[in-house]
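K.L.:
Sharing final_20.pdb below, PDB, C-alpha atoms:
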```pdb
ATOM      1  CA  MET A   1       1.856  13.681   0.822
ATOM      2  CA  ALA A   2       0.600  15.699  -2.127
ATOM      3  CA  ASN A   3       3.438  14.317  -4.255
ATOM      4  CA  TYR A   4       2.108  10.806  -3.878
ATOM      5  CA  PHE A   5      -1.380  11.767  -5.006
ATOM      6  CA  ALA A   6      -0.051  13.652  -8.043
ATOM      7  CA  LEU A   7       1.880  10.545  -9.087
ATOM      8  CA  GLY A   8      -1.300   8.499  -9.040
ATOM      9  CA  GLY A   9      -2.628  10.165 -12.193
ATOM     10  CA  VAL A  10      -6.324  10.360 -11.372
ATOM     11  CA  THR A  11      -7.226  11.228  -7.795
ATOM     12  CA  LEU A  12     -10.572  10.209  -6.380
ATOM     13  CA  PHE A  13     -11.039  12.192  -3.193
ATOM     14  CA  MET A  14     -14.006  10.903  -1.248
ATOM     15  CA  LYS A  15     -15.379  11.979   2.097
ATOM     16  CA  VAL A  16     -17.483   9.095   3.349
ATOM     17  CA  ASN A  17     -18.734   7.812   6.675
ATOM     18  CA  SER A  18     -17.403   4.816   8.553
ATOM     19  CA  SER A  19     -20.010   2.374   7.211
ATOM     20  CA  ILE A  20     -19.078   3.094   3.594
ATOM     21  CA  ARG A  21     -15.364   2.837   4.391
ATOM     22  CA  ALA A  22     -15.934  -0.535   6.056
ATOM     23  CA  PHE A  23     -17.921  -1.715   3.028
ATOM     24  CA  CYS A  24     -15.115  -0.692   0.664
ATOM     25  CA  ARG A  25     -12.457  -2.520   2.604
ATOM     26  CA  LYS A  26     -14.531  -5.698   3.058
ATOM     27  CA  THR A  27     -15.511  -5.796  -0.613
ATOM     28  CA  LEU A  28     -11.938  -5.205  -1.794
ATOM     29  CA  HIS A  29     -10.738  -8.238   0.138
ATOM     30  CA  ALA A  30     -13.460 -10.336  -1.493
ATOM     31  CA  ALA A  31     -12.724  -8.963  -4.964
ATOM     32  CA  GLY A  32      -9.266 -10.555  -5.167
ATOM     33  CA  SER A  33      -7.614 -10.123  -8.561
ATOM     34  CA  SER A  34     -10.733  -9.480 -10.595
ATOM     35  CA  ALA A  35     -10.336  -6.239 -12.532
ATOM     36  CA  LEU A  36     -14.083  -6.156 -13.196
ATOM     37  CA  ALA A  37     -14.854  -6.470  -9.507
ATOM     38  CA  PHE A  38     -12.373  -3.719  -8.684
ATOM     39  CA  THR A  39     -14.011  -1.389 -11.207
ATOM     40  CA  GLY A  40     -17.392  -2.239  -9.754
ATOM     41  CA  ILE A  41     -16.200  -1.282  -6.290
ATOM     42  CA  LEU A  42     -15.143   2.136  -7.546
ATOM     43  CA  LEU A  43     -18.515   2.766  -9.170
ATOM     44  CA  LEU A  44     -20.521   1.436  -6.245
ATOM     45  CA  THR A  45     -18.520   3.393  -3.683
ATOM     46  CA  SER A  46     -18.831   6.604  -5.698
ATOM     47  CA  ALA A  47     -22.577   6.112  -5.941
ATOM     48  CA  ALA A  48     -22.866   5.487  -2.210
ATOM     49  CA  ALA A  49     -20.874   8.590  -1.391
ATOM     50  CA  CYS A  50     -22.954  10.736  -3.752
ATOM     51  CA  SER A  51     -26.154   9.352  -2.265
ATOM     52  CA  GLN A  52     -25.078  10.200   1.270
ATOM     53  CA  ASN A  53     -23.996  13.721   0.301
ATOM     54  CA  ALA A  54     -27.403  14.283  -1.282
ATOM     55  CA  THR A  55     -29.304  13.262   1.847
ATOM     56  CA  GLU A  56     -27.145  14.630   4.620
ATOM     57  CA  LYS A  57     -24.033  16.714   5.064
ATOM     58  CA  PRO A  58     -22.115  15.700   8.174
ATOM     59  CA  PRO A  59     -20.401  18.375  10.243
ATOM     60  CA  SER A  60     -16.863  19.162   9.168
ATOM     61  CA  SER A  61     -15.595  17.753  12.464
ATOM     62  CA  GLN A  62     -16.731  14.305  11.324
ATOM     63  CA  LEU A  63     -14.737  14.405   8.114
ATOM     64  CA  ASN A  64     -11.378  13.046   9.142
ATOM     65  CA  GLN A  65      -8.568  13.888   6.739
ATOM     66  CA  GLU A  66      -6.532  10.787   7.548
ATOM     67  CA  GLU A  67      -9.465   8.429   6.974
ATOM     68  CA  SER A  68     -10.222  10.072   3.626
ATOM     69  CA  THR A  69      -6.549   9.742   2.718
ATOM     70  CA  ARG A  70      -6.596   6.029   3.539
ATOM     71  CA  LEU A  71      -9.617   5.421   1.314
ATOM     72  CA  GLU A  72      -8.037   7.496  -1.439
ATOM     73  CA  LEU A  73      -4.898   5.363  -1.406
ATOM     74  CA  LEU A  74      -7.089   2.309  -1.808
ATOM     75  CA  LEU A  75      -9.045   3.560  -4.795
ATOM     76  CA  THR A  76      -6.864   5.825  -6.898
ATOM     77  CA  TRP A  77      -4.905   3.285  -8.981
ATOM     78  CA  ASP A  78      -6.247   2.726 -12.490
ATOM     79  CA  GLY A  79      -4.116  -0.396 -13.033
ATOM     80  CA  LYS A  80      -1.596   1.354 -15.257
ATOM     81  CA  PRO A  81       2.126   1.365 -14.368
ATOM     82  CA  PHE A  82       3.808   4.580 -13.353
ATOM     83  CA  ASP A  83       7.227   5.268 -14.834
ATOM     84  CA  LEU A  84       9.804   7.951 -14.120
ATOM     85  CA  THR A  85      13.299   8.435 -15.473
ATOM     86  CA  GLU A  86      16.217   7.462 -13.262
ATOM     87  CA  GLU A  87      17.018  11.155 -12.862
ATOM     88  CA  ALA A  88      13.482  11.922 -11.703
ATOM     89  CA  TRP A  89      13.542   9.075  -9.180
ATOM     90  CA  GLN A  90      16.846  10.319  -7.783
ATOM     91  CA  GLU A  91      15.381  13.774  -7.309
ATOM     92  CA  GLN A  92      12.261  12.457  -5.600
ATOM     93  CA  LEU A  93      13.788   9.796  -3.326
ATOM     94  CA  SER A  94      16.400   9.874  -0.605
ATOM     95  CA  GLU A  95      19.704   8.174  -1.358
ATOM     96  CA  GLN A  96      18.791   5.071   0.624
ATOM     97  CA  ALA A  97      15.249   4.902  -0.788
ATOM     98  CA  PHE A  98      16.637   5.133  -4.319
ATOM     99  CA  TYR A  99      19.129   2.355  -3.586
ATOM    100  CA  VAL A 100      16.423   0.021  -2.252
ATOM    101  CA  LEU A 101      13.433   0.906  -4.426
ATOM    102  CA  ARG A 102      15.185   1.393  -7.763
ATOM    103  CA  LYS A 103      18.344  -0.721  -7.407
ATOM    104  CA  GLN A 104      16.859  -3.618  -5.419
ATOM    105  CA  GLY A 105      19.043  -2.947  -2.421
ATOM    106  CA  THR A 106      18.378  -4.045   1.154
ATOM    107  CA  GLU A 107      18.499  -2.016   4.340
ATOM    108  CA  ARG A 108      20.356  -3.550   7.263
ATOM    109  CA  ALA A 109      18.276  -5.689   9.625
ATOM    110  CA  PHE A 110      16.789  -3.949  12.685
ATOM    111  CA  THR A 111      17.600  -0.478  11.315
ATOM    112  CA  GLY A 112      14.303   0.311   9.554
ATOM    113  CA  SER A 113      11.877   2.773  11.134
ATOM    114  CA  TYR A 114       8.873   0.437  10.809
ATOM    115  CA  ASN A 115      10.345  -2.831  12.053
ATOM    116  CA  SER A 116       9.032  -2.284  15.592
ATOM    117  CA  ASN A 117       6.079  -0.087  14.654
ATOM    118  CA  LYS A 118       2.944  -1.386  16.391
ATOM    119  CA  ALA A 119       0.631   1.499  15.540
ATOM    120  CA  SER A 120      -2.563   0.850  13.586
ATOM    121  CA  GLY A 121      -2.633   2.212  10.071
ATOM    122  CA  THR A 122      -1.801   1.739   6.412
ATOM    123  CA  TYR A 123       1.531   1.169   4.691
ATOM    124  CA  ALA A 124       1.893   2.664   1.208
ATOM    125  CA  CYS A 125       4.675   2.590  -1.377
ATOM    126  CA  ALA A 126       7.325   5.209  -0.618
ATOM    127  CA  GLY A 127       7.803   5.723  -4.340
ATOM    128  CA  CYS A 128       4.277   6.337  -5.599
ATOM    129  CA  GLY A 129       1.891   6.161  -2.626
ATOM    130  CA  LEU A 130       0.041   2.981  -3.660
ATOM    131  CA  LEU A 131      -1.620   1.112  -0.804
ATOM    132  CA  LEU A 132       0.401  -2.037  -0.030
ATOM    133  CA  PHE A 133      -0.133  -3.403   3.479
ATOM    134  CA  SER A 134      -2.236  -2.921   6.595
ATOM    135  CA  SER A 135      -1.090  -3.026  10.195
ATOM    136  CA  ASP A 136      -3.786  -5.679  10.660
ATOM    137  CA  THR A 137      -1.563  -8.189   8.839
ATOM    138  CA  LYS A 138       1.770  -7.085  10.320
ATOM    139  CA  PHE A 139       3.531  -9.462  12.705
ATOM    140  CA  ASP A 140       6.840  -9.749  14.531
ATOM    141  CA  SER A 141       8.936 -12.207  12.537
ATOM    142  CA  GLY A 142      12.121 -11.571  14.507
ATOM    143  CA  THR A 143      14.026 -11.057  11.252
ATOM    144  CA  GLY A 144      14.701  -7.338  11.658
ATOM    145  CA  TRP A 145      12.423  -6.223   8.810
ATOM    146  CA  PRO A 146       8.708  -5.317   8.825
ATOM    147  CA  SER A 147       6.747  -8.472   8.034
ATOM    148  CA  PHE A 148       3.188  -8.964   6.801
ATOM    149  CA  TYR A 149       1.260 -12.110   5.972
ATOM    150  CA  LYS A 150      -0.620 -10.614   3.020
ATOM    151  CA  PRO A 151      -0.903  -7.450   0.902
ATOM    152  CA  GLU A 152      -3.836  -5.104   1.411
ATOM    153  CA  GLY A 153      -4.923  -4.112  -2.107
ATOM    154  CA  PRO A 154      -5.768  -6.510  -4.957
ATOM    155  CA  ASN A 155      -2.828  -6.895  -7.355
ATOM    156  CA  HIS A 156      -0.907  -4.059  -5.728
ATOM    157  CA  VAL A 157       2.133  -6.228  -4.957
ATOM    158  CA  GLY A 158       3.882  -8.084  -7.785
ATOM    159  CA  GLU A 159       6.367 -10.963  -7.710
ATOM    160  CA  THR A 160       9.445 -11.949  -9.723
ATOM    161  CA  GLN A 161      12.028 -14.681  -9.325
ATOM    162  CA  ASP A 162      15.288 -13.445  -7.800
ATOM    163  CA  ASN A 163      18.304 -15.705  -8.330
ATOM    164  CA  ARG A 164      20.972 -13.264  -7.214
ATOM    165  CA  HIS A 165      23.602 -13.973  -4.578
ATOM    166  CA  GLY A 166      23.416 -17.706  -5.170
ATOM    167  CA  MET A 167      19.890 -17.938  -3.757
ATOM    168  CA  GLN A 168      16.449 -18.615  -5.220
ATOM    169  CA  ARG A 169      13.974 -16.161  -3.771
ATOM    170  CA  THR A 170      10.718 -14.468  -4.739
ATOM    171  CA  GLU A 171      11.154 -10.707  -4.988
ATOM    172  CA  VAL A 172       8.147  -8.458  -4.349
ATOM    173  CA  HIS A 173       7.606  -4.987  -5.778
ATOM    174  CA  CYS A 174       4.999  -2.262  -6.094
ATOM    175  CA  ASN A 175       2.934  -3.076  -9.153
ATOM    176  CA  ARG A 176       2.366   0.591 -10.016
ATOM    177  CA  CYS A 177       5.889   2.037  -9.981
ATOM    178  CA  GLY A 178       7.924  -1.180  -9.918
ATOM    179  CA  GLY A 179       9.718  -0.158  -6.723
ATOM    180  CA  HIS A 180      11.502  -3.014  -4.933
ATOM    181  CA  LEU A 181       9.895  -3.850  -1.593
ATOM    182  CA  GLY A 182      11.624  -7.005  -0.395
ATOM    183  CA  HIS A 183      10.912 -10.744  -0.656
ATOM    184  CA  VAL A 184       8.123 -13.163   0.238
ATOM    185  CA  PHE A 185       8.788 -16.483   1.976
ATOM    186  CA  PRO A 186       6.546 -19.502   2.704
ATOM    187  CA  ASP A 187       7.167 -19.455   6.452
ATOM    188  CA  GLY A 188       4.589 -16.966   7.689
ATOM    189  CA  PRO A 189       1.641 -17.355  10.061
ATOM    190  CA  ARG A 190      -1.900 -18.385   9.263
ATOM    191  CA  PRO A 191      -4.074 -17.841   7.344
ATOM    192  CA  THR A 192      -1.714 -17.418   4.358
ATOM    193  CA  GLY A 193       1.475 -19.062   5.582
ATOM    194  CA  LEU A 194       3.403 -16.268   3.864
ATOM    195  CA  ARG A 195       5.932 -13.760   5.180
ATOM    196  CA  TYR A 196       6.310 -10.578   3.171
ATOM    197  CA  CYS A 197       9.697  -9.324   4.376
ATOM    198  CA  ILE A 198       9.715  -5.621   3.481
ATOM    199  CA  ASN A 199      12.273  -2.821   3.696
ATOM    200  CA  SER A 200      11.036   0.046   5.864
ATOM    201  CA  VAL A 201      12.497   2.595   3.461
ATOM    202  CA  SER A 202      10.219   1.206   0.727
ATOM    203  CA  LEU A 203       7.160   2.152   2.776
ATOM    204  CA  GLN A 204       5.351   5.194   4.073
ATOM    205  CA  PHE A 205       3.052   4.797   7.070
ATOM    206  CA  PHE A 206      -0.313   6.510   7.502
ATOM    207  CA  PRO A 207      -1.617   6.057  11.070
ATOM    208  CA  ASP A 208      -5.266   5.443  11.793
ATOM    209  CA  PRO A 209      -7.134   8.353  13.369
ATOM    210  CA  GLU A 210      -7.402   8.152  17.135
TER     211      GLU A 210
END
```
Could you write out this structure as structure tokens?

P.N.:
Amino acid sequence: MANYFALGGVTLFMKVNSSIRAFCRKTLHAAGSSALAFTGILLLTSAAACSQNATEKPPSSQLNQEESTRLELLLTWDGKPFDLTEEAWQEQLSEQAFYVLRKQGTERAFTGSYNSNKASGTYACAGCGLLLFSSDTKFDSGTGWPSFYKPEGPNHVGETQDNRHGMQRTEVHCNRCGGHLGHVFPDGPRPTGLRYCINSVSLQFFPDPE
């Protein structure tokens, strides 16, 4: 896990209570693609955390590592792309992850570790650790790949036209490291009507605390 945080460049490690975490998540959804709003969230959240630390220090038992990790994944991207050489990617990733993330490959249907995963938590990029999807938007599409109806972070998932194999599709990738995730189709459930069809090997799952 430490490798992912090192790749992020600047790490903002915050230990906050549940009300601040809920505020961050709600505000991020409302912020959309506004860079100014995203910056404001960082500043406001930092101020809230500092204010709480100044007034009370919760017992260590209340500071859940996994919850802090989830918030960190949400806030650590500065909007700049992350680039590695092909050799560095090959050293960092498994053979299959390199094939999918860096060569736009596809894992076989119904073979991915997260296709049937019903646990609550966060899905991050397997290449750089950027927050991508939440289990709250995951659904069973019956296609054999993990499917979501919308990304979790603002501007974290990019799109490009993919005309390979005689088809016209919309490819989706991690906007920080450029890693290939899968494709998005206009046949998903409400409220977006979209189906983000994602390779399991392109993701890393962080379960919610029990």

K.L.:
I'd like the contact shell of region 179-192 of chain A - 7 Å cut-off, only C-alpha atoms, skipping same-chain residues fewer than 2 positions apart - returned as number ranges by chain.

P.N.:
A: 100-102, 104, 127, 149, 169-174, 177, 194-199, 202

K.L.:
With all atoms listed in the file as the counted atoms, please give the residues lying no more than 9 Å from Gln96 (chain A), apart from itself and same-chain residues fewer than 2 positions off, as a VMD selection string.

P.N.:
chain A and resid 93 to 94 98 to 101 105 107 201

K.L.:
Write out, as a short mmCIF file (atom, residue, chain, number, x, y, z; two decimals), in the frame of the given file, the residues just selected, with C-alpha atoms.

P.N.:
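Result written to result.cif:
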```cif
data_model
loop_
_atom_site.label_atom_id
_atom_site.label_comp_id
_atom_site.auth_asym_id
_atom_site.auth_seq_id
_atom_site.Cartn_x
_atom_site.Cartn_y
_atom_site.Cartn_z
CA LEU A 93 13.79 9.80 -3.33
CA SER A 94 16.40 9.87 -0.60
CA PHE A 98 16.64 5.13 -4.32
CA TYR A 99 19.13 2.36 -3.59
CA VAL A 100 16.42 0.02 -2.25
CA LEU A 101 13.43 0.91 -4.43
CA GLY A 105 19.04 -2.95 -2.42
CA GLU A 107 18.50 -2.02 4.34
CA VAL A 201 12.50 2.60 3.46
#
```

K.L.:
Let me know the residues the PyMOL selection byres ((chain A and resi 118-124) around 8) catches in the file above, as a VMD selection string.

P.N.:
chain A and resid 70 73 116 to 117 125 to 126 129 to 136 203 to 208

K.L.:
Grab the CA of Gln92 (chain A) to CA of Gly178 (chain A) distance for me, in Å with one decimal place.

P.N.:
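CA of Gly178 (chain A) lies at a distance of 14.9 Å from CA of Gln92 (chain A).
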
K.L.:
Would you mind telling me which residue in A:Arg108, A:Arg176, A:His165, A:Lys103 lies nearest to Gln90 (chain A) when using only C-alpha atoms?

P.N.:
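Ranked by minimum distance to Gln90 (chain A), first place goes to A:Lys103.
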
K.L.:
Rounded to one decimal, what separation in Å do you get between CA of Pro151 (chain A) and CA of Asn175 (chain A)?

P.N.:
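Answer for the CA of Pro151 (chain A) to CA of Asn175 (chain A) separation: 11.6 Å.
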
K.L.:
Mind pulling up the distance from CA of Asp140 (chain A) to CA of Gly193 (chain A)?

P.N.:
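CA of Asp140 (chain A) lies at a distance of 14.0 Å from CA of Gly193 (chain A).
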